[in-house]
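Asker: Dropping in work-v3.tsv, which is TSV, C-alpha atoms and all ligand atoms:
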chain	number	residue	atom	x	y	z
A	1	MET	CA	121.00	266.59	26.65
A	2	PHE	CA	119.35	270.01	26.23
A	3	ASP	CA	115.88	268.47	25.94
A	4	GLY	CA	116.59	267.03	29.39
A	5	VAL	CA	117.46	270.37	31.02
A	6	ALA	CA	114.85	272.48	29.19
A	7	LYS	CA	112.20	272.60	31.89
A	8	ARG	CA	114.31	274.41	34.49
A	9	TYR	CA	116.98	275.80	32.16
A	10	ASP	CA	116.35	279.53	32.74
A	11	LEU	CA	116.12	279.20	36.52
A	12	THR	CA	119.25	277.01	36.75
A	13	ASN	CA	121.25	279.57	34.76
A	14	THR	CA	120.25	282.39	37.02
A	15	VAL	CA	121.08	280.40	40.17
A	16	LEU	CA	124.46	279.09	38.91
A	17	SER	CA	125.57	282.50	37.65
A	18	PHE	CA	124.32	284.36	40.76
A	19	ALA	CA	122.01	286.31	38.41
A	20	GLN	CA	124.94	287.62	36.34
A	21	ASP	CA	123.39	286.02	33.23
A	22	ARG	CA	120.94	288.90	32.95
A	23	ARG	CA	123.74	291.46	32.78
A	24	TRP	CA	125.67	289.36	30.24
A	25	ARG	CA	122.56	289.27	28.01
A	26	ARG	CA	122.11	293.04	28.23
A	27	ARG	CA	125.78	293.57	27.27
A	28	THR	CA	125.29	291.24	24.28
A	29	ARG	CA	122.37	293.37	23.10
A	30	ASP	CA	124.47	296.53	23.55
A	31	ALA	CA	127.36	295.01	21.53
A	32	LEU	CA	125.01	294.22	18.65
A	33	ALA	CA	123.82	297.86	18.49
A	34	LEU	CA	120.63	296.81	16.71
A	35	LYS	CA	118.32	299.36	15.15
A	36	ALA	CA	114.54	299.01	15.12
A	37	GLY	CA	113.41	296.85	12.22
A	38	GLN	CA	116.79	295.19	11.62
A	39	ARG	CA	116.86	291.40	11.47
A	40	VAL	CA	118.96	289.45	13.93
A	41	LEU	CA	119.37	285.69	14.11
A	42	ASP	CA	119.99	284.21	17.57
A	43	VAL	CA	121.59	280.81	16.92
A	44	ALA	CA	121.39	278.08	19.59
A	45	ALA	CA	118.77	280.25	21.26
A	46	GLY	CA	117.40	277.41	23.41
A	47	THR	CA	114.35	278.67	25.31
A	48	GLY	CA	114.68	282.09	23.65
A	49	VAL	CA	115.87	283.77	26.84
A	50	SER	CA	118.71	285.40	24.87
A	51	THR	CA	116.37	286.29	21.96
A	52	ALA	CA	113.81	288.02	24.20
A	53	GLU	CA	116.55	290.39	25.36
A	54	LEU	CA	117.46	291.22	21.72
A	55	ALA	CA	113.82	291.90	20.82
A	56	LYS	CA	113.79	294.75	23.37
A	57	SER	CA	115.87	296.77	20.88
A	58	GLY	CA	112.97	296.79	18.40
A	59	ALA	CA	114.86	294.49	16.01
A	60	ARG	CA	113.15	291.46	14.46
A	61	ALA	CA	114.82	288.71	16.45
A	62	VAL	CA	114.60	285.06	15.32
A	63	ALA	CA	115.33	282.25	17.79
A	64	SER	CA	116.80	279.08	16.24
A	65	ASP	CA	117.91	275.87	17.93
A	66	PHE	CA	117.94	272.14	17.18
A	67	SER	CA	116.56	271.07	20.57
A	68	LEU	CA	112.77	270.87	20.25
A	69	GLY	CA	112.58	270.50	24.03
A	70	MET	CA	114.29	273.86	24.56
A	71	LEU	CA	112.20	275.59	21.87
A	72	ARG	CA	108.97	274.22	23.33
A	73	ALA	CA	109.90	275.26	26.87
A	74	GLY	CA	110.51	278.80	25.56
A	75	ALA	CA	107.37	278.99	23.46
A	76	ARG	CA	105.32	278.03	26.53
A	77	ARG	CA	106.41	281.21	28.34
A	78	GLY	CA	103.70	283.76	27.71
A	79	TYR	CA	105.86	286.79	27.03
A	80	ARG	CA	108.09	284.89	24.56
A	81	ARG	CA	105.20	283.58	22.50
A	82	HIS	CA	105.52	286.43	19.99
A	83	LEU	CA	109.08	285.35	19.06
A	84	PRO	CA	109.65	283.33	15.89
A	85	PHE	CA	111.10	279.98	17.07
A	86	VAL	CA	112.76	278.00	14.27
A	87	ALA	CA	114.04	274.41	14.60
A	88	ALA	CA	117.43	274.51	12.88
A	89	ASP	CA	120.90	273.03	13.01
A	90	ALA	CA	123.49	275.80	13.33
A	91	LEU	CA	125.64	274.01	10.76
A	92	HIS	CA	122.88	274.02	8.10
A	93	LEU	CA	120.76	277.10	8.70
A	94	PRO	CA	117.47	277.13	6.74
A	95	PHE	CA	117.93	280.76	5.63
A	96	ALA	CA	118.99	282.41	2.37
A	97	ASP	CA	122.41	284.00	1.95
A	98	ALA	CA	122.87	287.49	3.41
A	99	CYS	CA	119.42	287.86	4.96
A	100	PHE	CA	120.33	289.04	8.49
A	101	ASP	CA	121.84	292.34	9.63
A	102	ALA	CA	123.44	290.50	12.53
A	103	VAL	CA	123.95	286.99	13.84
A	104	THR	CA	124.58	286.19	17.47
A	105	ILE	CA	125.06	283.17	19.67
A	106	SER	CA	125.02	283.09	23.49
A	107	PHE	CA	126.50	280.16	25.39
A	108	GLY	CA	125.95	277.97	22.34
A	109	LEU	CA	129.13	277.99	20.25
A	110	ARG	CA	130.95	275.81	22.80
A	111	ASN	CA	128.30	273.12	22.26
A	112	ILE	CA	128.49	272.98	18.47
A	113	VAL	CA	130.51	270.02	17.18
A	114	ASP	CA	132.24	271.91	14.34
A	115	VAL	CA	132.94	275.50	15.44
A	116	PRO	CA	134.88	276.66	12.32
A	117	ALA	CA	132.09	275.37	10.03
A	118	ALA	CA	129.43	277.08	12.18
A	119	LEU	CA	131.25	280.42	11.93
A	120	VAL	CA	131.36	280.09	8.13
A	121	GLU	CA	127.64	279.28	8.09
A	122	PHE	CA	126.89	282.36	10.27
A	123	ARG	CA	128.84	284.49	7.76
A	124	ARG	CA	126.81	283.08	4.86
A	125	VAL	CA	123.48	284.28	6.30
A	126	THR	CA	124.84	287.70	7.36
A	127	LYS	CA	124.61	290.71	5.01
A	128	PRO	CA	127.93	292.20	3.82
A	129	GLY	CA	128.86	294.79	6.45
A	130	GLY	CA	126.70	292.97	9.02
A	131	ARG	CA	127.99	291.82	12.39
A	132	LEU	CA	128.53	288.82	14.60
A	133	VAL	CA	128.49	288.82	18.40
A	134	ILE	CA	129.48	285.72	20.36
A	135	CYS	CA	128.71	285.63	24.08
A	136	GLU	CA	130.54	282.70	25.60
A	137	PHE	CA	132.30	281.53	28.75
A	138	SER	CA	135.99	282.31	28.57
A	139	THR	CA	139.16	282.54	30.64
A	140	PRO	CA	139.30	284.84	33.71
A	141	VAL	CA	142.20	287.23	33.29
A	142	ILE	CA	143.37	287.56	36.93
A	143	PRO	CA	145.36	284.40	37.90
A	144	GLY	CA	144.13	284.07	41.57
A	145	PHE	CA	140.53	284.68	40.52
A	146	ARG	CA	140.93	282.13	37.69
A	147	GLN	CA	141.85	279.43	40.23
A	148	LEU	CA	138.93	280.35	42.49
A	149	TYR	CA	136.55	280.22	39.52
A	150	LEU	CA	137.86	276.81	38.37
A	151	ASN	CA	137.27	275.47	41.87
A	152	TYR	CA	133.71	276.80	41.75
A	153	LEU	CA	133.16	275.20	38.33
A	154	MET	CA	134.53	271.79	39.17
A	155	ARG	CA	133.34	271.46	42.81
A	156	LEU	CA	130.48	273.76	43.81
A	157	LEU	CA	128.59	274.09	40.51
A	158	PRO	CA	127.76	270.35	40.25
A	159	VAL	CA	126.48	270.42	43.87
A	160	LEU	CA	124.24	273.44	43.19
A	161	ALA	CA	123.06	271.89	39.91
A	162	ARG	CA	121.93	268.77	41.78
A	163	ARG	CA	119.52	271.00	43.74
A	164	VAL	CA	118.02	273.05	40.90
A	165	SER	CA	118.46	271.34	37.52
A	166	SER	CA	116.22	268.67	35.99
A	167	ASN	CA	119.39	266.91	34.68
A	168	PRO	CA	122.40	267.55	36.98
A	169	ALA	CA	124.77	265.38	34.87
A	170	ALA	CA	124.50	267.99	32.12
A	171	TYR	CA	126.14	270.50	34.46
A	172	VAL	CA	129.20	268.29	34.92
A	173	TYR	CA	129.48	268.48	31.12
A	174	LEU	CA	129.03	272.27	31.37
A	175	ALA	CA	131.97	272.62	33.77
A	176	GLU	CA	134.21	270.40	31.67
A	177	SER	CA	133.30	272.10	28.40
A	178	ILE	CA	134.08	275.53	29.87
A	179	ARG	CA	137.46	274.31	31.12
A	180	SER	CA	138.48	272.97	27.72
A	181	TRP	CA	137.14	275.93	25.68
A	182	PRO	CA	139.76	278.19	23.95
A	183	ASP	CA	140.69	281.49	25.59
A	184	GLN	CA	139.78	284.93	24.19
A	185	GLN	CA	142.72	285.20	21.78
A	186	GLU	CA	142.40	281.72	20.37
A	187	LEU	CA	138.66	282.12	19.74
A	188	ALA	CA	139.38	285.44	17.96
A	189	ARG	CA	141.83	283.63	15.66
A	190	THR	CA	139.17	281.01	14.83
A	191	VAL	CA	136.68	283.78	13.98
A	192	VAL	CA	139.20	285.46	11.65
A	193	ALA	CA	139.97	282.12	9.98
A	194	ALA	CA	136.23	281.77	9.20
A	195	GLY	CA	136.34	284.96	7.11
A	196	TRP	CA	135.21	287.63	9.59
A	197	THR	CA	137.11	290.92	9.97
A	198	ASP	CA	137.76	293.52	12.65
A	199	VAL	CA	137.46	290.92	15.43
A	200	HIS	CA	137.76	292.22	18.97
A	201	TRP	CA	136.48	291.20	22.38
A	202	ARG	CA	135.39	292.57	25.72
A	203	ASN	CA	135.65	290.67	29.00
A	204	LEU	CA	132.66	290.52	31.35
A	205	SER	CA	132.89	289.54	35.03
A	206	GLY	CA	136.70	289.46	34.86
A	207	GLY	CA	136.74	287.17	31.80
A	208	ILE	CA	134.29	284.53	33.07
A	209	VAL	CA	132.45	285.56	29.90
A	210	ALA	CA	133.81	287.26	26.78
A	211	LEU	CA	131.89	289.06	24.04
A	212	HIS	CA	133.57	288.69	20.65
A	213	ARG	CA	132.39	291.08	17.95
A	214	ALA	CA	133.27	290.86	14.25
A	215	ASP	CA	132.12	292.20	10.87
A	216	ARG	CA	131.29	290.44	7.64
A	217	PRO	CA	133.49	292.03	4.96
A	218	VAL	CA	131.60	294.17	2.44
B	301	LIG	C1	123.55	276.60	26.78
B	301	LIG	S1	122.24	276.65	25.62
B	301	LIG	C2	122.15	278.36	25.23
B	301	LIG	C3	120.76	278.88	25.12
B	301	LIG	C4	120.59	280.40	25.05
B	301	LIG	N1	121.24	280.95	23.88
B	301	LIG	C5	121.07	281.11	26.29
B	301	LIG	O1	121.74	282.14	26.16
B	301	LIG	O2	120.77	280.68	27.41
B	301	LIG	C6	123.02	275.96	24.22
B	301	LIG	C7	122.06	275.60	23.11
B	301	LIG	O3	122.84	275.20	21.97
B	301	LIG	C8	122.02	274.34	21.21
B	301	LIG	N2	122.83	273.70	20.17
B	301	LIG	C9	123.96	272.98	20.31
B	301	LIG	N3	124.41	272.57	19.11
B	301	LIG	C10	123.54	273.07	18.19
B	301	LIG	C11	123.46	272.99	16.77
B	301	LIG	N4	124.36	272.34	16.04
B	301	LIG	N5	122.45	273.62	16.16
B	301	LIG	C12	121.51	274.31	16.86
B	301	LIG	N6	121.52	274.41	18.21
B	301	LIG	C13	122.53	273.79	18.86
B	301	LIG	C14	121.43	273.42	22.26
B	301	LIG	O4	120.29	272.74	21.81
B	301	LIG	C15	121.14	274.41	23.40
B	301	LIG	O5	119.80	274.85	23.39
Written as structure tokens, that's how I'd like the structure from this file.
Answerer:
Amino acid sequence: MFDGVAKRYDLTNTVLSFAQDRRWRRRTRDALALKAGQRVLDVAAGTGVSTAELAKSGARAVASDFSLGMLRAGARRGYRRHLPFVAADALHLPFADACFDAVTISFGLRNIVDVPAALVEFRRVTKPGGRLVICEFSTPVIPGFRQLYLNYLMRLLPVLARRVSSNPAAYVYLAESIRSWPDQQELARTVVAAGWTDVHWRNLSGGIVALHRADRPV
């Protein structure tokens, strides 16, 4: 499915989110608080649009994804060519234990078939004391706004996607997967169950997106 949307993936995101995606990516970088030279793994990085934002911090950011179509679309963009793109399944990462200062995933966790196993795998490759930041769609916290947003997701988003995306059917899946994704609290519980500590979250755009941050115990 992601191979099929790769060509116009970045543009479609920006249109469907009314350009909010750029702010969400900056907030993800802030939450990671990376220092120059640290190593960060961006899982399910797709075209590397999320990774390029992380690299601005001076950290060594690695983009990994299992869709070759997405990786190739990213590597074709001139300014992302310097990024290390690695073809990898999030459930079986080709990295040694404890080799990253931080692991992050933006709009990818929802698509992984076994979320608890993925969170355990992310912990394995993170150094003790290192951190995890998950940027993912979530549940708007104001009831009236939540209804409005659900209407947008289920009715308007598929119409817009038909105009901009190279595979509009994928955006029907997007709307449905967001609707059935756990809310902030439930995701936090899943992160704790995978062995992470000090889990907390911050809502962005009224809870359309949530940033969950956690530490790997020392
Ligand atoms: C919505 S895109 C997110 C891309 C990028 N992180 C961003 O912020 O725009 C989700 C990505 O998850 C990837 N993905 C889903 N399951 C995966 C898995 N098990 N291993 C690696 N990548 C996976 C897909 O290939 C896709 O590129």
Asker: In Å, rounded to a single decimal, give me how far CA of Gly130 (chain A) is from CA of Gln185 (chain A).
Answerer: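 Atom-to-atom, CA of Gln185 (chain A) to CA of Gly130 (chain A), that is 21.9 Å.
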Asker: Could you pull out the residues sitting within 9 Å of ligand LIG 301 (chain B), using all atoms listed in the file, and write them as a PDB file with C-alpha atoms, in the coordinates of the input?
Answerer:
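For reference, result_4.pdb as written:
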ATOM      1  CA  MET A   1     121.000 266.590  26.650  1.00  0.00           C
ATOM      2  CA  PHE A   2     119.350 270.010  26.230  1.00  0.00           C
ATOM      3  CA  ASP A   3     115.880 268.470  25.940  1.00  0.00           C
ATOM      4  CA  ALA A   6     114.850 272.480  29.190  1.00  0.00           C
ATOM      5  CA  TYR A   9     116.980 275.800  32.160  1.00  0.00           C
ATOM      6  CA  ASP A  10     116.350 279.530  32.740  1.00  0.00           C
ATOM      7  CA  ASN A  13     121.250 279.570  34.760  1.00  0.00           C
ATOM      8  CA  ASP A  21     123.390 286.020  33.230  1.00  0.00           C
ATOM      9  CA  ARG A  25     122.560 289.270  28.010  1.00  0.00           C
ATOM     10  CA  ASP A  42     119.990 284.210  17.570  1.00  0.00           C
ATOM     11  CA  VAL A  43     121.590 280.810  16.920  1.00  0.00           C
ATOM     12  CA  ALA A  44     121.390 278.080  19.590  1.00  0.00           C
ATOM     13  CA  ALA A  45     118.770 280.250  21.260  1.00  0.00           C
ATOM     14  CA  GLY A  46     117.400 277.410  23.410  1.00  0.00           C
ATOM     15  CA  THR A  47     114.350 278.670  25.310  1.00  0.00           C
ATOM     16  CA  GLY A  48     114.680 282.090  23.650  1.00  0.00           C
ATOM     17  CA  VAL A  49     115.870 283.770  26.840  1.00  0.00           C
ATOM     18  CA  SER A  50     118.710 285.400  24.870  1.00  0.00           C
ATOM     19  CA  THR A  51     116.370 286.290  21.960  1.00  0.00           C
ATOM     20  CA  ALA A  63     115.330 282.250  17.790  1.00  0.00           C
ATOM     21  CA  SER A  64     116.800 279.080  16.240  1.00  0.00           C
ATOM     22  CA  ASP A  65     117.910 275.870  17.930  1.00  0.00           C
ATOM     23  CA  PHE A  66     117.940 272.140  17.180  1.00  0.00           C
ATOM     24  CA  SER A  67     116.560 271.070  20.570  1.00  0.00           C
ATOM     25  CA  LEU A  68     112.770 270.870  20.250  1.00  0.00           C
ATOM     26  CA  GLY A  69     112.580 270.500  24.030  1.00  0.00           C
ATOM     27  CA  MET A  70     114.290 273.860  24.560  1.00  0.00           C
ATOM     28  CA  LEU A  71     112.200 275.590  21.870  1.00  0.00           C
ATOM     29  CA  ALA A  87     114.040 274.410  14.600  1.00  0.00           C
ATOM     30  CA  ALA A  88     117.430 274.510  12.880  1.00  0.00           C
ATOM     31  CA  ASP A  89     120.900 273.030  13.010  1.00  0.00           C
ATOM     32  CA  ALA A  90     123.490 275.800  13.330  1.00  0.00           C
ATOM     33  CA  LEU A  91     125.640 274.010  10.760  1.00  0.00           C
ATOM     34  CA  HIS A  92     122.880 274.020   8.100  1.00  0.00           C
ATOM     35  CA  LEU A  93     120.760 277.100   8.700  1.00  0.00           C
ATOM     36  CA  THR A 104     124.580 286.190  17.470  1.00  0.00           C
ATOM     37  CA  ILE A 105     125.060 283.170  19.670  1.00  0.00           C
ATOM     38  CA  SER A 106     125.020 283.090  23.490  1.00  0.00           C
ATOM     39  CA  PHE A 107     126.500 280.160  25.390  1.00  0.00           C
ATOM     40  CA  GLY A 108     125.950 277.970  22.340  1.00  0.00           C
ATOM     41  CA  LEU A 109     129.130 277.990  20.250  1.00  0.00           C
ATOM     42  CA  ARG A 110     130.950 275.810  22.800  1.00  0.00           C
ATOM     43  CA  ASN A 111     128.300 273.120  22.260  1.00  0.00           C
ATOM     44  CA  ILE A 112     128.490 272.980  18.470  1.00  0.00           C
ATOM     45  CA  VAL A 113     130.510 270.020  17.180  1.00  0.00           C
ATOM     46  CA  ASP A 114     132.240 271.910  14.340  1.00  0.00           C
ATOM     47  CA  ALA A 118     129.430 277.080  12.180  1.00  0.00           C
ATOM     48  CA  CYS A 135     128.710 285.630  24.080  1.00  0.00           C
ATOM     49  CA  GLU A 136     130.540 282.700  25.600  1.00  0.00           C
ATOM     50  CA  LEU A 174     129.030 272.270  31.370  1.00  0.00           C
TER      51      LEU A 174
END
Asker: From the set A:Gly78, A:Pro158, A:Pro168, A:Pro140, which residue has the shortest atom-to-atom contact distance to Asn203 (chain A), counting all atoms listed in the file?
Answerer: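 Residue with the minimum atom-to-atom distance to Asn203 (chain A): A:Pro140.
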Asker: For CA of Val120 (chain A) and CA of Trp181 (chain A), determine how far apart the two atoms are, in Å to one decimal place.
Answerer: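 Between these atoms lies a distance of 18.9 Å.
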Asker: Do you know which residues are at most 10 Å from Phe100 (chain A) counting only C-alpha atoms, after dropping those on the same chain fewer than 4 positions away, and could you put them as number ranges by chain?
Answerer: A: 38-41, 60-62, 95-96, 122-128, 130-131
Asker: May I have the residues from that selection written out with C-alpha atoms, as a PDB file, keeping the file's coordinate frame?
Answerer:
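Result written to part-v7.pdb:
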ATOM      1  CA  GLN A  38     116.790 295.190  11.620  1.00  0.00           C
ATOM      2  CA  ARG A  39     116.860 291.400  11.470  1.00  0.00           C
ATOM      3  CA  VAL A  40     118.960 289.450  13.930  1.00  0.00           C
ATOM      4  CA  LEU A  41     119.370 285.690  14.110  1.00  0.00           C
ATOM      5  CA  ARG A  60     113.150 291.460  14.460  1.00  0.00           C
ATOM      6  CA  ALA A  61     114.820 288.710  16.450  1.00  0.00           C
ATOM      7  CA  VAL A  62     114.600 285.060  15.320  1.00  0.00           C
ATOM      8  CA  PHE A  95     117.930 280.760   5.630  1.00  0.00           C
ATOM      9  CA  ALA A  96     118.990 282.410   2.370  1.00  0.00           C
ATOM     10  CA  PHE A 122     126.890 282.360  10.270  1.00  0.00           C
ATOM     11  CA  ARG A 123     128.840 284.490   7.760  1.00  0.00           C
ATOM     12  CA  ARG A 124     126.810 283.080   4.860  1.00  0.00           C
ATOM     13  CA  VAL A 125     123.480 284.280   6.300  1.00  0.00           C
ATOM     14  CA  THR A 126     124.840 287.700   7.360  1.00  0.00           C
ATOM     15  CA  LYS A 127     124.610 290.710   5.010  1.00  0.00           C
ATOM     16  CA  PRO A 128     127.930 292.200   3.820  1.00  0.00           C
ATOM     17  CA  GLY A 130     126.700 292.970   9.020  1.00  0.00           C
ATOM     18  CA  ARG A 131     127.990 291.820  12.390  1.00  0.00           C
TER      19      ARG A 131
END
Asker: Nearest residue to Gly144 (chain A) out of A:Gly206, A:Thr28, A:Ala75, A:Ala193, using only C-alpha atoms?
Answerer: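 Going through A:Gly206, A:Thr28, A:Ala75, A:Ala193 one by one, the smallest distance to Gly144 (chain A) is for A:Gly206.
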Asker: Give me the residues near Arg27 (chain A) as a list in words, where near means some atom within 10 Å (using all atoms listed in the file) and where sequence neighbours in that chain fewer than 3 positions away do not count.
Answerer: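 Everything that qualifies: Asp21, Arg22, Arg23, Trp24, Asp30, Ala31, Leu32, Ala33, Glu53, Cys135, Arg202, Leu204 and Leu211 of chain A.
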Asker: What separation in Å, quoted to one decimal, exists between CA of Ala210 (chain A) and CA of Asp97 (chain A)?
Answerer: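 Distance reported for this atom pair: 27.5 Å.
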